[in-house]
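Asker: Structure in structure tokens, see below.
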Amino acid sequence: MASDKIKLKEKIGYALGDTSANIAWRAITSFLLVFYTDVFGISAVAAGVLLLITRLSDGVTDVIMGMIADRTNTKHGKFRPWILWSAVPFGILLVLTFSTPGFGPTGKLIYAYVTYILLTLVYTANNVPYSALMGVMTADQKERTSLSSFRFAGAYFGGIIAQGLLIYLVLFLGGGDESKGYQYSMYVLAGLLVVFLLVTFFTTRERVPAPKNQQSSVWHDLSDLIKNKPWLILLVVGFLFVTFNSIKQGITVIYFKRFVGNELLAASYMVVLLVVSMVAALVTTPLANYFGKKRLFIYVMLFSGITTGLIHLAGPQDTVLVFVLGSLAEFGAGIMPVLFFAMLGDSADYSEWKHNRRATGLIYSAGTFAMKFGGGVAGAIIGFVLGGYGYDGMNEQTIPAALPGIKLLMSWIPSIFMVLSVVAMIAYPLSSAKMKDIEKDLSVNREQEGEAPIKVTEGTGEVSALTV
């Protein structure tokens with residue numbers, strides 16, 4: 001069953017889980033900073049520090065959650081139950097994070113820290129198991145890439161809901177009061193989030209078990225992890241491309257509001273980019289089959305980095321140029337996470353092949369760790385750059401001097417992270433040919449389980465030639 005093709009219904013059901021996550025994630029990355037600075041009244045620097053501290057501390061919980069999920073055993077599996085358990089708290093905390101109680105400056109900051117930390121914790125409890133679920137729904141690496149394509153088509157659909165509708169919902173539901181607009185809008189988004197997570201739980205299945213003779217402990221899992229070169233490289237690459245994406249997403253509303261002078265145009269821009277991302281996600285599988293995942297990753301990182309940097313050439317009236325360059329950059333950016341999460345599954349296979357142990361949840365925790373760490377660093381970079389240029393969202397007189405910084409944040413600053421990503425990905429060791437060999441070996445090993453012990457070369461952890 002582990003190698004069976006996954007039915008379309010299950011792929012769509014799985015994809016809706018990331019639709020839910022991205023309703024929250026895109027709302028956070030695109031609107032939370034401007035909500036804090038322009039609606040809640042927190043300074044840009046204080047908001048940047050908040051995002052950085054929260055995301056850095058939350059990275060530890062990703063690893064812990066991965067180990068907890070690996071050790072969860074229920075009739076519904078290891079990972080699916082967490083999707084069910086976290087659904088309602090996730091929705092509630094999304095609403096609270098975008099609420100504006102009438103506290104003073106210190107009270108506002110404390111409230112922002114508490115609600116955002118709790119939101120990231122429940123996001124971890126939901127998204128680490130959700131990501132790991134992909135690694136146990138099929139053992140076929142090509143089918144896993146296809147599943148990842150559906151996942152991120154769903155993710156970008158969630159982005160369209162959040163980024164395309166939120167500005168209009170705020171205006172419509174708030175009646176001119178942005179604080180009420182954000183809170184009421186989150187009631188709508190949170191309701192969709194919960195429903196989609198329930199669909200994911202009821203339509204998916206876990207099929208790839210850990211090796212029956214696996215002897216595992218926290219020490220073994222962590223030891224395997226730090227010796228897993230593909231995983232370590234993916235962790236670095238994931239952090240870099242998420243930082244790239246999060247800077248772009250986090251500055252978009254401010255860029256169109258302050259530099260272009262048309263905040264509503266930001267919604268159209270984000271929707272266009274997300275449609276491009278959905279197309280990119282759906283064509284990733286044939287492109288990856290043709291080029292190989294590693295080479296395709298390098299190509300799209302270079303392409304996205306260059307086209308993003310060129311946005312710096314656009315003036316306030318050059319919106320067509322911004323849309324064209326942004327769309328081209330987003331085609332590459334839309335492919336990156338599809339490859340990343342499929343390759344995390346490959347690194348889990350590599351760990352099982354090398355050590356005869358599989359800690360899928362822990363390995364996939366790299367995904368949410370990279371997202372939150374990269375998102376936190378991106379938020380801090382935006383906050384520090386805006387603060388360095390004197391930006392104060394509550395004081396219009398500070399805006400003209402901050403425009404050069406806003407322009408850099410939309411172009412060359414995120415591009416730097418793509419250059420670094422290419423350097424890291426060059427060292428990635430798992431080629432398509434190597435993965436075919438690993439997949440074949442693991443298939444033989446799984447067939448032999450229960451019939452004869454898998455012989456492991458003493459002192460190396462390598463599976464011997466007897467079983468491969």
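Letters A, B, ... go to the chains of the structure tokens in the order shown; residues in each chain start at 1; ligands are counted from 1 in the same order.
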What parts of range 207-308 of chain A does DSSP call helix (DSSP H, G or I)? I'd like the answer as a short mmCIF file (atom, residue, chain, number, x, y, z; two decimals) with C-alpha atoms, in the first residue's frame.
Answerer:
data_model
loop_
_atom_site.label_atom_id
_atom_site.label_comp_id
_atom_site.auth_asym_id
_atom_site.auth_seq_id
_atom_site.Cartn_x
_atom_site.Cartn_y
_atom_site.Cartn_z
CA VAL A 218 15.39 11.08 21.45
CA TRP A 219 19.17 10.78 21.39
CA HIS A 220 19.10 8.43 18.39
CA ASP A 221 16.71 10.72 16.51
CA LEU A 222 18.77 13.84 17.14
CA SER A 223 22.01 12.00 16.39
CA ASP A 224 20.64 10.77 13.05
CA LEU A 225 19.40 14.26 12.30
CA ILE A 226 22.71 16.09 12.75
CA LYS A 229 23.67 16.01 5.36
CA PRO A 230 20.72 16.40 2.96
CA TRP A 231 18.50 17.52 5.84
CA LEU A 232 21.06 20.03 7.15
CA ILE A 233 21.42 21.59 3.70
CA LEU A 234 17.65 21.73 3.25
CA LEU A 235 17.33 23.43 6.64
CA VAL A 236 19.67 26.20 5.48
CA VAL A 237 18.05 26.50 2.05
CA GLY A 238 14.58 26.52 3.57
CA PHE A 239 15.49 29.32 5.96
CA LEU A 240 16.96 31.40 3.14
CA PHE A 241 14.12 31.07 0.64
CA VAL A 242 11.46 31.58 3.34
CA THR A 243 13.27 34.75 4.43
CA PHE A 244 13.27 35.84 0.78
CA ASN A 245 9.55 35.16 0.41
CA SER A 246 8.60 36.63 3.78
CA ILE A 247 10.38 39.92 3.14
CA LYS A 248 8.54 40.24 -0.18
CA GLN A 249 5.19 39.36 1.37
CA GLY A 250 5.72 41.46 4.48
CA ILE A 251 6.53 44.66 2.58
CA THR A 252 3.95 44.35 -0.23
CA VAL A 253 1.06 46.14 1.48
CA ILE A 254 3.34 48.91 2.77
CA TYR A 255 4.99 49.22 -0.67
CA PHE A 256 1.68 49.75 -2.49
CA LYS A 257 0.22 51.87 0.30
CA ARG A 258 3.22 54.18 0.73
CA PHE A 259 5.39 53.99 -2.43
CA VAL A 260 2.77 53.39 -5.14
CA LEU A 264 -6.08 48.34 -2.81
CA LEU A 265 -3.72 47.55 -5.68
CA ALA A 266 -1.77 45.38 -3.23
CA ALA A 267 -4.67 42.91 -3.12
CA SER A 268 -4.72 42.60 -6.92
CA TYR A 269 -0.94 42.18 -6.98
CA MET A 270 -0.98 39.44 -4.36
CA VAL A 271 -3.81 37.57 -6.08
CA VAL A 272 -2.01 37.67 -9.44
CA LEU A 273 1.16 36.34 -7.80
CA LEU A 274 -0.73 33.58 -6.04
CA VAL A 275 -2.40 32.47 -9.27
CA VAL A 276 1.07 32.33 -10.82
CA SER A 277 2.24 30.31 -7.79
CA MET A 278 -0.61 27.83 -8.20
CA VAL A 279 0.34 27.29 -11.84
CA ALA A 280 3.99 26.91 -10.81
CA ALA A 281 3.07 24.32 -8.17
CA LEU A 282 1.06 22.26 -10.64
CA VAL A 283 3.84 22.19 -13.25
CA THR A 284 6.57 21.41 -10.72
CA THR A 285 6.21 17.63 -11.02
CA PRO A 286 6.90 17.40 -14.79
CA LEU A 287 9.68 20.00 -14.48
CA ALA A 288 11.27 18.10 -11.59
CA ASN A 289 11.02 14.83 -13.53
CA TYR A 290 12.78 16.47 -16.47
CA PHE A 291 15.50 18.50 -14.72
CA LYS A 293 14.75 18.39 -8.12
CA LYS A 294 18.20 19.76 -7.26
CA ARG A 295 18.91 21.38 -10.64
CA LEU A 296 15.39 22.79 -10.88
CA PHE A 297 15.74 24.30 -7.41
CA ILE A 298 18.96 26.08 -8.41
CA TYR A 299 17.47 27.37 -11.66
CA VAL A 300 14.35 28.85 -10.06
CA MET A 301 16.30 30.45 -7.21
CA LEU A 302 18.55 32.26 -9.66
CA PHE A 303 15.62 33.33 -11.78
CA SER A 304 13.55 34.60 -8.84
CA GLY A 305 16.46 36.43 -7.27
CA ILE A 306 17.29 38.35 -10.46
CA THR A 307 13.72 39.30 -11.35
CA THR A 308 12.96 40.41 -7.79
#
Asker: For Ile382 in chain A, which residue out of A:Asn445, A:Thr37, A:Thr54, A:Thr19 is the nearest one, using only C-alpha atoms?
Answerer: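 Among the listed residues, the smallest separation from Ile382 in chain A belongs to A:Thr37.
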Asker: Could you tell me which of A:Thr61, A:Gln317, A:Thr100, A:Asn262 comes closest to Glu178 in chain A if we count only C-alpha atoms?
Answerer: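 Nearest to Glu178 in chain A: A:Thr100.
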Asker: Kindly give the distance, in Å, that separates CA of Gly393 in chain A and CA of Asp38 in chain A, rounded to a single decimal.
Answerer: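 A separation of 4.8 Å between them.
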